[in-house]
>>> print(open('coords14.csv').read())   # CSV, C-alpha atoms and all ligand atoms
chain,number,residue,atom,x,y,z
A,21,MET,CA,-42.0,-26.9,1.7
A,22,VAL,CA,-40.9,-26.4,-1.9
A,23,LYS,CA,-40.9,-29.1,-4.6
A,24,THR,CA,-37.3,-30.1,-5.0
A,25,LEU,CA,-36.4,-30.6,-8.7
A,26,VAL,CA,-33.9,-33.3,-9.4
A,27,LEU,CA,-31.9,-32.9,-12.6
A,28,ARG,CA,-29.8,-35.9,-13.6
A,29,LEU,CA,-26.8,-35.1,-15.8
A,30,ASP,CA,-23.7,-36.5,-17.2
A,31,ALA,CA,-21.0,-35.3,-14.8
A,32,ARG,CA,-18.4,-35.0,-17.6
A,33,GLN,CA,-20.6,-33.4,-20.2
A,34,PRO,CA,-23.4,-31.7,-18.4
A,35,ASP,CA,-26.4,-30.8,-20.6
A,36,SER,CA,-26.5,-27.1,-21.1
A,37,HIS,CA,-30.4,-26.9,-20.8
A,38,LEU,CA,-30.3,-28.5,-17.4
A,39,ILE,CA,-27.5,-26.3,-16.3
A,40,GLU,CA,-29.4,-23.3,-17.5
A,41,ARG,CA,-32.5,-24.3,-15.4
A,42,ALA,CA,-30.4,-24.6,-12.3
A,43,ALA,CA,-28.5,-21.3,-13.1
A,44,ALA,CA,-31.9,-19.5,-13.4
A,45,ALA,CA,-32.8,-20.7,-9.9
A,46,LEU,CA,-29.6,-19.3,-8.5
A,47,ARG,CA,-30.1,-16.0,-10.3
A,48,GLU,CA,-33.6,-15.8,-8.8
A,49,GLY,CA,-32.3,-16.2,-5.3
A,50,GLY,CA,-33.0,-20.0,-5.0
A,51,LEU,CA,-31.0,-22.9,-3.6
A,52,VAL,CA,-29.2,-25.4,-5.9
A,53,ALA,CA,-27.3,-28.4,-4.7
A,54,PHE,CA,-24.5,-29.5,-7.1
A,55,PRO,CA,-21.7,-32.1,-7.2
A,56,THR,CA,-18.1,-31.1,-6.7
A,57,GLU,CA,-15.0,-33.3,-6.6
A,58,THR,CA,-15.1,-33.1,-2.8
A,59,VAL,CA,-18.8,-33.4,-1.6
A,60,TYR,CA,-22.1,-32.0,-2.8
A,61,GLY,CA,-22.5,-28.2,-2.2
A,62,LEU,CA,-25.7,-26.2,-1.5
A,63,GLY,CA,-25.3,-23.1,-3.5
A,64,ALA,CA,-26.9,-19.6,-3.5
A,65,ASP,CA,-26.0,-16.2,-5.1
A,66,ALA,CA,-23.1,-15.1,-2.9
A,67,THR,CA,-23.8,-11.4,-3.6
A,68,SER,CA,-27.3,-11.7,-2.2
A,69,ALA,CA,-27.8,-11.6,1.6
A,70,PRO,CA,-31.4,-12.9,1.5
A,71,ALA,CA,-30.4,-15.8,-0.8
A,72,VAL,CA,-27.5,-16.7,1.5
A,73,SER,CA,-29.7,-16.6,4.6
A,74,ARG,CA,-31.9,-19.3,2.9
A,75,ILE,CA,-28.9,-21.6,3.0
A,76,PHE,CA,-28.6,-21.3,6.8
A,77,ALA,CA,-32.4,-21.9,7.1
A,78,ALA,CA,-32.4,-25.0,4.8
A,79,LYS,CA,-29.5,-26.6,6.6
A,80,GLY,CA,-30.4,-25.5,10.1
A,81,ARG,CA,-26.9,-24.1,10.2
A,82,PRO,CA,-26.0,-21.5,12.9
A,83,ALA,CA,-25.3,-18.0,11.5
A,84,SER,CA,-21.9,-18.2,13.2
A,85,ASP,CA,-20.7,-20.8,10.7
A,86,PRO,CA,-19.2,-19.0,7.6
A,87,ILE,CA,-19.7,-20.3,4.0
A,88,ILE,CA,-17.2,-20.8,1.2
A,89,VAL,CA,-17.7,-18.8,-1.9
A,90,HIS,CA,-17.1,-20.7,-5.2
A,91,LEU,CA,-15.9,-19.2,-8.5
A,92,TYR,CA,-15.3,-20.5,-12.0
A,93,ASP,CA,-12.7,-18.0,-13.2
A,94,LEU,CA,-9.7,-16.6,-11.4
A,95,ALA,CA,-10.7,-13.1,-12.6
A,96,GLN,CA,-13.7,-13.2,-10.2
A,97,LEU,CA,-11.3,-13.2,-7.2
A,98,GLU,CA,-11.0,-9.4,-7.3
A,99,GLN,CA,-14.8,-9.1,-6.9
A,100,ILE,CA,-14.9,-11.4,-3.9
A,101,ALA,CA,-11.7,-10.5,-1.9
A,102,VAL,CA,-9.5,-7.5,-1.4
A,103,GLY,CA,-5.8,-7.2,-0.9
A,104,VAL,CA,-5.2,-10.7,-2.4
A,105,PRO,CA,-1.6,-11.7,-1.7
A,106,SER,CA,0.6,-13.0,-4.5
A,107,LEU,CA,0.8,-16.3,-2.5
A,108,ALA,CA,-2.9,-16.8,-3.2
A,109,TYR,CA,-2.3,-16.6,-6.9
A,110,ASP,CA,0.6,-19.0,-6.7
A,111,LEU,CA,-1.6,-21.5,-4.8
A,112,ALA,CA,-4.6,-20.9,-7.2
A,113,ARG,CA,-2.4,-21.5,-10.2
A,114,ARG,CA,-1.1,-24.7,-8.7
A,115,PHE,CA,-4.2,-26.2,-7.0
A,116,TRP,CA,-7.3,-24.7,-8.7
A,117,PRO,CA,-9.6,-26.0,-9.8
A,118,GLY,CA,-9.3,-28.3,-6.8
A,119,PRO,CA,-10.0,-29.0,-3.2
A,120,LEU,CA,-8.2,-26.0,-1.7
A,121,THR,CA,-10.1,-23.2,0.0
A,122,LEU,CA,-8.3,-19.9,0.6
A,123,VAL,CA,-9.3,-17.5,3.4
A,124,LEU,CA,-8.8,-13.9,2.3
A,125,ARG,CA,-10.0,-10.5,3.2
A,126,ARG,CA,-13.7,-10.1,2.2
A,127,GLY,CA,-14.6,-7.7,-0.6
A,128,GLU,CA,-17.7,-5.3,-0.5
A,129,ARG,CA,-19.7,-7.3,-3.0
A,130,ILE,CA,-19.9,-10.2,-0.6
A,131,PRO,CA,-22.5,-9.6,2.2
A,132,PRO,CA,-21.4,-10.2,5.8
A,133,ASN,CA,-23.7,-13.1,6.4
A,134,VAL,CA,-21.7,-15.2,4.0
A,135,SER,CA,-18.8,-15.0,6.4
A,136,ALA,CA,-20.8,-15.0,9.6
A,137,GLY,CA,-19.9,-11.4,10.1
A,138,LEU,CA,-16.1,-11.9,9.7
A,139,GLU,CA,-14.0,-9.5,7.7
A,140,THR,CA,-12.6,-12.5,5.8
A,141,VAL,CA,-14.0,-14.7,3.0
A,142,ALA,CA,-13.2,-18.3,2.1
A,143,VAL,CA,-12.9,-18.9,-1.7
A,144,ARG,CA,-12.4,-21.9,-3.9
A,145,MET,CA,-12.7,-23.1,-7.5
A,146,PRO,CA,-14.0,-26.7,-7.5
A,147,ASP,CA,-12.8,-29.3,-10.0
A,148,HIS,CA,-16.1,-30.5,-11.4
A,149,PRO,CA,-17.5,-29.7,-14.9
A,150,ALA,CA,-21.1,-29.5,-13.7
A,151,ALA,CA,-20.2,-27.1,-10.9
A,152,LEU,CA,-18.1,-24.9,-13.1
A,153,ALA,CA,-20.8,-24.9,-15.9
A,154,LEU,CA,-23.4,-23.9,-13.3
A,155,PHE,CA,-21.4,-21.0,-12.0
A,156,ARG,CA,-20.5,-19.8,-15.5
A,157,ALA,CA,-24.1,-20.0,-16.6
A,158,ALA,CA,-25.3,-18.1,-13.5
A,159,ASP,CA,-22.4,-15.7,-13.9
A,160,LEU,CA,-22.2,-15.3,-10.1
A,161,PRO,CA,-19.9,-16.1,-7.3
A,162,VAL,CA,-21.8,-19.0,-5.5
A,163,ALA,CA,-21.8,-19.4,-1.7
A,164,ALA,CA,-22.0,-23.1,-0.9
A,165,PRO,CA,-21.5,-25.1,2.2
A,166,SER,CA,-21.8,-28.9,2.1
A,167,ALA,CA,-25.3,-30.0,1.1
A,168,ASN,CA,-26.3,-31.7,4.4
A,169,ARG,CA,-28.4,-30.8,7.4
A,170,PHE,CA,-26.1,-29.1,10.0
A,171,ALA,CA,-23.7,-31.5,11.9
A,172,ARG,CA,-24.7,-34.5,9.7
A,173,PRO,CA,-22.2,-36.3,7.5
A,174,SER,CA,-21.6,-34.4,4.3
A,175,ALA,CA,-23.5,-35.6,1.2
A,176,THR,CA,-21.5,-37.5,-1.4
A,177,THR,CA,-24.4,-38.5,-3.6
A,178,ALA,CA,-27.7,-36.7,-4.7
A,179,ALA,CA,-29.6,-39.3,-2.7
A,180,HIS,CA,-27.8,-38.1,0.5
A,181,VAL,CA,-28.7,-34.5,-0.4
A,182,LEU,CA,-32.4,-35.5,-0.7
A,183,GLU,CA,-32.2,-37.5,2.5
A,184,ASP,CA,-31.4,-34.3,4.4
A,185,LEU,CA,-32.9,-31.5,2.2
A,186,ASP,CA,-35.8,-32.7,0.1
A,187,GLY,CA,-38.5,-30.1,0.2
A,188,ARG,CA,-36.2,-27.5,1.6
A,189,ILE,CA,-34.2,-26.5,-1.6
A,190,ASP,CA,-35.1,-25.8,-5.2
A,191,VAL,CA,-32.9,-27.9,-7.4
A,192,VAL,CA,-30.5,-30.9,-7.0
A,193,LEU,CA,-28.1,-31.5,-9.9
A,194,ASP,CA,-27.4,-35.2,-9.7
A,195,GLY,CA,-23.9,-35.9,-11.2
A,196,GLY,CA,-23.4,-39.2,-9.5
A,197,PRO,CA,-21.1,-39.9,-6.5
A,198,THR,CA,-18.3,-37.5,-5.7
A,199,VAL,CA,-14.7,-38.6,-6.2
A,200,ILE,CA,-12.9,-37.4,-3.1
A,201,GLY,CA,-15.7,-37.6,-0.7
A,202,LEU,CA,-14.0,-35.3,1.9
A,203,GLU,CA,-14.3,-31.6,2.1
A,204,SER,CA,-11.6,-29.1,0.9
A,205,THR,CA,-8.6,-28.1,2.8
A,206,VAL,CA,-9.1,-24.6,4.3
A,207,LEU,CA,-6.0,-22.5,4.3
A,208,ASP,CA,-6.0,-19.1,6.1
A,209,LEU,CA,-3.9,-16.5,4.3
A,210,THR,CA,-5.0,-13.5,6.4
A,211,LYS,CA,-2.7,-14.2,9.4
A,212,PRO,CA,1.1,-13.5,9.5
A,213,ALA,CA,1.7,-17.2,8.9
A,214,PRO,CA,-0.4,-19.3,6.6
A,215,ALA,CA,-2.3,-21.9,8.6
A,216,VAL,CA,-4.5,-24.9,7.7
A,217,LEU,CA,-7.8,-24.5,9.6
A,218,ARG,CA,-9.3,-27.8,8.2
A,219,PRO,CA,-7.3,-30.6,6.6
A,220,GLY,CA,-8.8,-31.9,3.3
A,221,GLY,CA,-8.3,-33.0,-0.2
A,222,ILE,CA,-5.1,-31.0,-0.7
A,223,THR,CA,-2.6,-32.6,1.8
A,224,LEU,CA,-0.1,-30.8,4.0
A,225,GLU,CA,2.6,-32.5,2.0
A,226,MET,CA,1.3,-30.9,-1.2
A,227,LEU,CA,1.0,-27.5,0.4
A,228,ARG,CA,4.6,-27.7,1.8
A,229,ALA,CA,5.9,-27.7,-1.8
A,230,VAL,CA,4.7,-24.1,-1.9
A,231,ILE,CA,4.7,-23.1,1.8
A,232,PRO,CA,7.4,-25.1,3.5
A,233,ASP,CA,6.5,-24.1,7.0
A,234,VAL,CA,2.7,-24.3,6.7
A,235,ALA,CA,1.0,-25.1,10.1
A,236,LEU,CA,-2.0,-27.2,10.9
A,237,VAL,CA,-4.3,-25.6,13.5
A,238,SER,CA,-5.6,-28.8,15.1
A,239,ARG,CA,-7.7,-27.2,17.8
A,240,HIS,CA,-11.1,-28.9,18.2
A,241,LEU,CA,-13.5,-26.3,19.5
A,242,GLN,CA,-16.6,-26.9,21.6
A,243,PRO,CA,-19.7,-25.0,20.4
A,244,ASP,CA,-19.6,-22.5,23.3
A,245,ASP,CA,-16.0,-21.5,22.6
A,246,ALA,CA,-15.6,-17.9,21.6
A,247,GLY,CA,-13.8,-16.8,18.4
A,248,ILE,CA,-14.6,-19.6,16.1
A,249,GLU,CA,-12.1,-19.4,13.2
A,250,ALA,CA,-13.3,-22.4,11.2
A,251,PRO,CA,-16.5,-23.8,12.6
A,252,GLY,CA,-15.7,-26.9,10.7
A,253,MET,CA,-13.5,-27.3,13.8
A,254,LEU,CA,-16.5,-27.8,16.1
A,255,LEU,CA,-16.0,-31.1,17.7
A,256,LYS,CA,-19.5,-32.3,17.0
A,257,HIS,CA,-19.7,-32.5,13.2
A,258,TYR,CA,-20.3,-35.0,10.5
A,259,SER,CA,-22.2,-37.0,13.1
A,260,PRO,CA,-24.2,-40.1,12.3
A,261,ARG,CA,-27.3,-40.6,14.5
A,262,ALA,CA,-25.6,-43.7,16.0
A,263,GLU,CA,-22.9,-43.2,18.6
A,264,LEU,CA,-19.4,-43.6,16.9
A,265,LEU,CA,-16.5,-45.0,18.9
A,266,LEU,CA,-13.0,-44.4,17.4
A,267,PHE,CA,-10.4,-47.0,18.3
A,268,THR,CA,-6.7,-46.0,18.0
A,269,GLY,CA,-3.6,-48.1,18.0
A,270,GLU,CA,-2.1,-51.0,16.1
A,271,PRO,CA,-4.6,-53.5,14.6
A,272,GLU,CA,-3.2,-56.4,16.7
A,273,ARG,CA,-4.5,-54.5,19.8
A,274,VAL,CA,-7.5,-52.7,18.3
A,275,ILE,CA,-9.3,-55.7,16.7
A,276,PRO,CA,-9.5,-57.8,20.0
A,277,ARG,CA,-10.7,-54.7,21.9
A,278,MET,CA,-13.3,-54.1,19.2
A,279,GLN,CA,-14.4,-57.8,19.4
A,280,ALA,CA,-14.8,-57.5,23.1
A,281,ALA,CA,-16.8,-54.3,22.7
A,282,VAL,CA,-19.0,-55.9,20.1
A,283,LYS,CA,-19.8,-58.7,22.6
A,284,ASP,CA,-20.7,-56.3,25.3
A,285,TYR,CA,-23.0,-54.2,23.1
A,286,LEU,CA,-24.7,-57.2,21.7
A,287,GLN,CA,-25.3,-58.5,25.2
A,288,ALA,CA,-26.9,-55.1,26.0
A,289,GLY,CA,-29.2,-55.6,23.1
A,290,GLN,CA,-27.7,-52.9,20.9
A,291,ARG,CA,-27.4,-53.0,17.1
A,292,VAL,CA,-23.7,-52.7,16.3
A,293,GLY,CA,-22.2,-51.2,13.1
A,294,ILE,CA,-18.6,-51.9,12.0
A,295,LEU,CA,-17.0,-49.3,9.8
A,296,LEU,CA,-13.5,-50.6,8.8
A,297,PRO,CA,-11.1,-51.1,5.9
A,298,ASP,CA,-11.7,-54.4,4.2
A,299,GLU,CA,-8.8,-56.4,5.8
A,300,ASP,CA,-10.1,-55.4,9.3
A,301,ALA,CA,-13.7,-55.8,8.4
A,302,ASP,CA,-13.1,-59.5,7.4
A,303,VAL,CA,-12.7,-60.4,11.1
A,304,PHE,CA,-16.4,-59.3,11.8
A,305,GLU,CA,-18.1,-61.0,8.8
A,306,GLY,CA,-20.5,-63.6,10.1
A,307,ALA,CA,-20.9,-62.0,13.5
A,308,ASP,CA,-24.3,-60.5,14.4
A,309,VAL,CA,-23.2,-57.0,13.3
A,310,LEU,CA,-23.7,-54.6,10.4
A,311,VAL,CA,-20.5,-54.3,8.5
A,312,PHE,CA,-19.6,-51.5,6.1
A,313,ARG,CA,-16.3,-52.0,4.2
A,314,LEU,CA,-14.4,-48.8,3.5
A,315,GLY,CA,-12.0,-50.3,0.9
A,316,ALA,CA,-8.3,-51.5,1.0
A,317,ARG,CA,-6.4,-50.4,4.1
A,318,GLU,CA,-3.5,-48.9,2.1
A,319,ASN,CA,-5.8,-47.0,-0.2
A,320,LEU,CA,-6.5,-43.7,1.7
A,321,ALA,CA,-8.3,-42.2,-1.3
A,322,GLN,CA,-10.8,-45.1,-1.3
A,323,LEU,CA,-11.3,-44.9,2.5
A,324,GLY,CA,-11.9,-41.2,2.3
A,325,ALA,CA,-14.3,-41.5,-0.6
A,326,ASN,CA,-16.4,-44.1,1.2
A,327,LEU,CA,-16.3,-42.6,4.7
A,328,PHE,CA,-19.5,-40.4,4.7
A,329,THR,CA,-21.4,-43.0,2.7
A,330,GLY,CA,-20.5,-45.6,5.4
A,331,LEU,CA,-21.7,-43.4,8.2
A,332,ARG,CA,-25.0,-42.7,6.5
A,333,GLU,CA,-25.5,-46.3,5.4
A,334,LEU,CA,-25.0,-47.7,9.0
A,335,ASP,CA,-27.5,-45.0,10.2
A,336,ARG,CA,-29.9,-46.2,7.6
A,337,ARG,CA,-29.5,-49.7,8.8
A,338,SER,CA,-30.4,-48.4,12.3
A,339,ALA,CA,-27.1,-49.1,14.1
A,340,ASP,CA,-27.1,-47.8,17.7
A,341,VAL,CA,-23.4,-47.8,17.9
A,342,ILE,CA,-20.7,-47.7,15.2
A,343,LEU,CA,-17.1,-49.0,15.9
A,344,THR,CA,-14.4,-47.7,13.7
A,345,ARG,CA,-10.6,-47.6,13.7
A,346,ALA,CA,-8.3,-44.6,13.1
A,347,VAL,CA,-6.2,-44.5,9.9
A,348,GLU,CA,-2.6,-43.6,9.5
A,349,ARG,CA,-2.2,-39.8,9.9
A,350,SER,CA,-0.3,-38.8,6.9
A,351,GLY,CA,-1.4,-37.6,3.5
A,352,LEU,CA,-5.1,-37.8,3.1
A,353,GLY,CA,-5.2,-39.7,6.4
A,354,VAL,CA,-4.9,-36.4,8.3
A,355,ALA,CA,-8.3,-35.3,6.8
A,356,ILE,CA,-9.9,-38.8,7.3
A,357,TYR,CA,-8.7,-38.9,11.0
A,358,ASP,CA,-10.1,-35.3,11.5
A,359,ARG,CA,-13.6,-36.4,10.2
A,360,LEU,CA,-13.6,-39.6,12.2
A,361,LEU,CA,-12.6,-37.7,15.4
A,362,ARG,CA,-15.4,-35.3,15.0
A,363,ALA,CA,-18.0,-37.9,14.0
A,364,ALA,CA,-17.0,-39.6,17.2
A,365,GLU,CA,-17.4,-36.3,19.1
A,366,GLY,CA,-14.1,-37.1,20.9
A,367,ARG,CA,-15.1,-40.7,22.0
A,368,ILE,CA,-11.6,-42.2,21.5
A,369,ILE,CA,-10.6,-45.6,22.8
A,370,ALA,CA,-6.8,-45.8,22.8
A,371,CYS,CA,-5.6,-49.4,22.6
A,401,LIG,P1,-18.8,-26.6,4.8
A,401,LIG,O1,-18.6,-26.2,3.4
A,401,LIG,O2,-20.2,-26.7,5.3
A,401,LIG,O3,-18.0,-27.9,5.1
A,401,LIG,O4,-18.2,-25.5,5.8
A,401,LIG,C1,-17.3,-24.5,5.3
A,401,LIG,C2,-16.2,-24.4,6.2
A,401,LIG,O5,-15.2,-23.4,5.6
A,401,LIG,C3,-16.5,-23.7,7.6
A,401,LIG,O6,-17.0,-24.7,8.5
A,401,LIG,C4,-15.2,-23.2,7.9
A,401,LIG,O7,-14.4,-24.2,8.4
A,401,LIG,C5,-14.6,-22.7,6.6
A,401,LIG,N1,-14.7,-21.3,6.4
A,401,LIG,C6,-15.6,-20.7,5.6
A,401,LIG,N2,-15.4,-19.4,5.6
A,401,LIG,C7,-14.4,-19.1,6.5
A,401,LIG,C8,-13.8,-17.9,6.9
A,401,LIG,N3,-14.2,-16.7,6.5
A,401,LIG,N4,-12.8,-18.0,7.8
A,401,LIG,C9,-12.4,-19.2,8.2
A,401,LIG,N5,-13.0,-20.4,7.8
A,401,LIG,C10,-14.0,-20.3,7.0
A,402,MG,MG,-20.2,-29.0,6.2
>>> encode(input="coords14.csv", output="structure tokens")
Amino acid sequence: MVKTLVLRLDARQPDSHLIERAAAALREGGLVAFPTETVYGLGADATSAPAVSRIFAAKGRPASDPIIVHLYDLAQLEQIAVGVPSLAYDLARRFWPGPLTLVLRRGERIPPNVSAGLETVAVRMPDHPAALALFRAADLPVAAPSANRFARPSATTAAHVLEDLDGRIDVVLDGGPTVIGLESTVLDLTKPAPAVLRPGGITLEMLRAVIPDVALVSRHLQPDDAGIEAPGMLLKHYSPRAELLLFTGEPERVIPRMQAAVKDYLQAGQRVGILLPDEDADVFEGADVLVFRLGARENLAQLGANLFTGLRELDRRSADVILTRAVERSGLGVAIYDRLLRAAEGRIIAC
């Protein structure tokens, strides 16, 4: 156990003394959680294999799950990757800083354990003043997965980070809740055709403006599958402790099915959580269930931003089972659906 230092800062104008304290911890090989525009990251010096191995230990993350390297300046890219294609620079100019991760060929300065032994490396520049100030002050590329225990919902507040990692990491920079609340889009540029390995904050529609025929690899792997390309693709991921059931179909059919399921679970003595957009959640107000409202149905950004908070909140309120409904699968809805599907570990009820 270490004493985890919590440093609260103004996300827009981070105090340089606090940033320097966190940067010193990174330079000394320590672990620092920090806010990004997507979710909180758990950072370590990406050039130090021992520092990176501490990330795996703190998270309980299998060594087969590669970590994204974060930078603050495009000039760092040459130190992290080799043979960077011009497409990567086109995308970086357009989407960085922002929620797009590029998979490139790994450079020698980055030790193999960052990439789970792969010859590739995932790189991104986050759009958050505190994160960028931290990397700049440390003057390092920073390896950082999401700051949650392995397979748990990602952390979108410093409180979520502490829930999972208090006593296991050196510093948490608390910059308030994250804006997007879903992880970055992972785009592989090492194959003959660019492919999205994980949908995220940069939508397929946005990528198509630059890569018209970009493909989404929508395989969902089981843990024992060989050749994991993006272990974010493991089906069990982002899981609450409660069992999550994902209902798909039109609301007119889904809601009655959910109401019937609620009745059955209540009769069986289970605590039922409801995770739904406001309009759908209204139906369940007053019933003997725990309701978490995700926001307006049409506002995918809001649904996405609240998703992991909702899963954690219903866990905290000791739901045994959580019933949720799939969102429209376009734009940010593709990423939201992906996270719901994995949190449900494939338990889909088609209505
Ligand atoms: P996390 O930041 O914890 O959400 O996880 C980072 C995710 O980035 C991994 O689960 C992979 O999906 C992806 N990733 C990181 N490095 C690589 C890589 N070298 N090749 C493919 N995907 C990667
Ligand atoms: Mg993660």
>>> residues_around(input="coords14.csv", residues="Glu263 of chain A", least_positions_apart="3", cutoff="9 Å", atoms="only C-alpha atoms", output="number ranges by chain")
A: 259-260, 339-343, 363-365, 367
>>> residues_around(input="coords14.csv", residues="Leu97 of chain A", least_positions_apart="6", cutoff="12 Å", atoms="all atoms listed in the file", output="list in words")
Val89, His90, Leu91, Gly103, Val104, Pro105, Ala108, Tyr109, Ala112, Leu122, Val123, Leu124, Arg125, Arg126, Gly127, Arg129, Ile130, Val141, Ala142, Val143, Arg144, Met145, Leu160 and Pro161 of chain A
>>> residues_near_ligand(input="coords14.csv", ligand="ligand MG 402 (chain A)", cutoff="10 Å", atoms="all atoms listed in the file", output="ChimeraX atom specification")
/A:59-62,79,81,85,87,164-175,202-203,251-252,257-258
>>> closest_residue(input="coords14.csv", among="A:Val162, A:Leu296, A:Ile39, A:Ala71", to="ligand LIG 401 (chain A)", atoms="all atoms listed in the file")
A:Val162
>>> atom_distance(input="coords14.csv", atom1="atom CA of Val309 of chain A", atom2="atom CA of Val282 of chain A")
8.1 Å
>>> closest_residue(input="coords14.csv", among="A:Gln99, A:Ser73, A:Thr121, A:Gln33", to="His148 of chain A", atoms="only C-alpha atoms")
A:Gln33
>>> atom_distance(input="coords14.csv", atom1="atom CA of Val303 of chain A", atom2="atom CA of Arg277 of chain A")
12.4 Å
>>> atom_distance(input="coords14.csv", atom1="atom CA of Leu334 of chain A", atom2="atom CA of Thr268 of chain A")
20.5 Å
>>> closest_residue(input="coords14.csv", among="A:Arg228, A:Arg218, A:Arg336, A:Arg345", to="ligand LIG 401 (chain A)", atoms="all atoms listed in the file")
A:Arg218
>>> closest_residue(input="coords14.csv", among="A:Asp194, A:Glu40, A:Asp335, A:Glu57", to="Arg28 of chain A", atoms="all atoms listed in the file")
A:Asp194
>>> residues_near_point(input="coords14.csv", point="(-31.3, -18.8, -12.0)", cutoff="10 Å", atoms="only C-alpha atoms", output="compact mmCIF listing (two decimals) with C-alpha atoms, keeping the file's coordinate frame")
# COMPACT_ATOMS: atom_id res chain seq x y z
CA ILE A 39 -27.50 -26.30 -16.30
CA GLU A 40 -29.40 -23.30 -17.50
CA ARG A 41 -32.50 -24.30 -15.40
CA ALA A 42 -30.40 -24.60 -12.30
CA ALA A 43 -28.50 -21.30 -13.10
CA ALA A 44 -31.90 -19.50 -13.40
CA ALA A 45 -32.80 -20.70 -9.90
CA LEU A 46 -29.60 -19.30 -8.50
CA ARG A 47 -30.10 -16.00 -10.30
CA GLU A 48 -33.60 -15.80 -8.80
CA GLY A 49 -32.30 -16.20 -5.30
CA GLY A 50 -33.00 -20.00 -5.00
CA LEU A 51 -31.00 -22.90 -3.60
CA VAL A 52 -29.20 -25.40 -5.90
CA ALA A 64 -26.90 -19.60 -3.50
CA ASP A 65 -26.00 -16.20 -5.10
CA LEU A 154 -23.40 -23.90 -13.30
CA ALA A 157 -24.10 -20.00 -16.60
CA ALA A 158 -25.30 -18.10 -13.50
CA ASP A 159 -22.40 -15.70 -13.90
CA LEU A 160 -22.20 -15.30 -10.10
>>> closest_residue(input="coords14.csv", among="A:Ala69, A:Ala178, A:Leu25, A:Leu138", to="Leu38 of chain A", atoms="all atoms listed in the file")
A:Leu25
>>> closest_residue(input="coords14.csv", among="A:Ala215, A:Ala83, A:Val347, A:Ala77", to="Gly137 of chain A", atoms="only C-alpha atoms")
A:Ala83
>>> residues_around(input="coords14.csv", residues="Gly220 of chain A", least_positions_apart="2", cutoff="8 Å", atoms="only C-alpha atoms", output="list of chain:residue names")
A:Pro119, A:Leu120, A:Leu202, A:Glu203, A:Ser204, A:Thr205, A:Val206, A:Arg218, A:Ile222, A:Thr223, A:Leu352, A:Val354, A:Ala355
>>> residues_around(input="coords14.csv", residues="Pro197 of chain A", least_positions_apart="5", cutoff="8 Å", atoms="all atoms listed in the file", output="count of residues only")
4
>>> residues_near_point(input="coords14.csv", point="(-12.8, -56.3, 18.0)", cutoff="10 Å", atoms="only C-alpha atoms", output="MDAnalysis selection string")
chainID A and resid 267 271:283 294 300:301 303:304 343:345
>>> residues_around(input="coords14.csv", residues="Pro149 of chain A", least_positions_apart="5", cutoff="8 Å", atoms="only C-alpha atoms", output="list of chain:residue names")
A:Ala31, A:Arg32, A:Gln33, A:Pro34
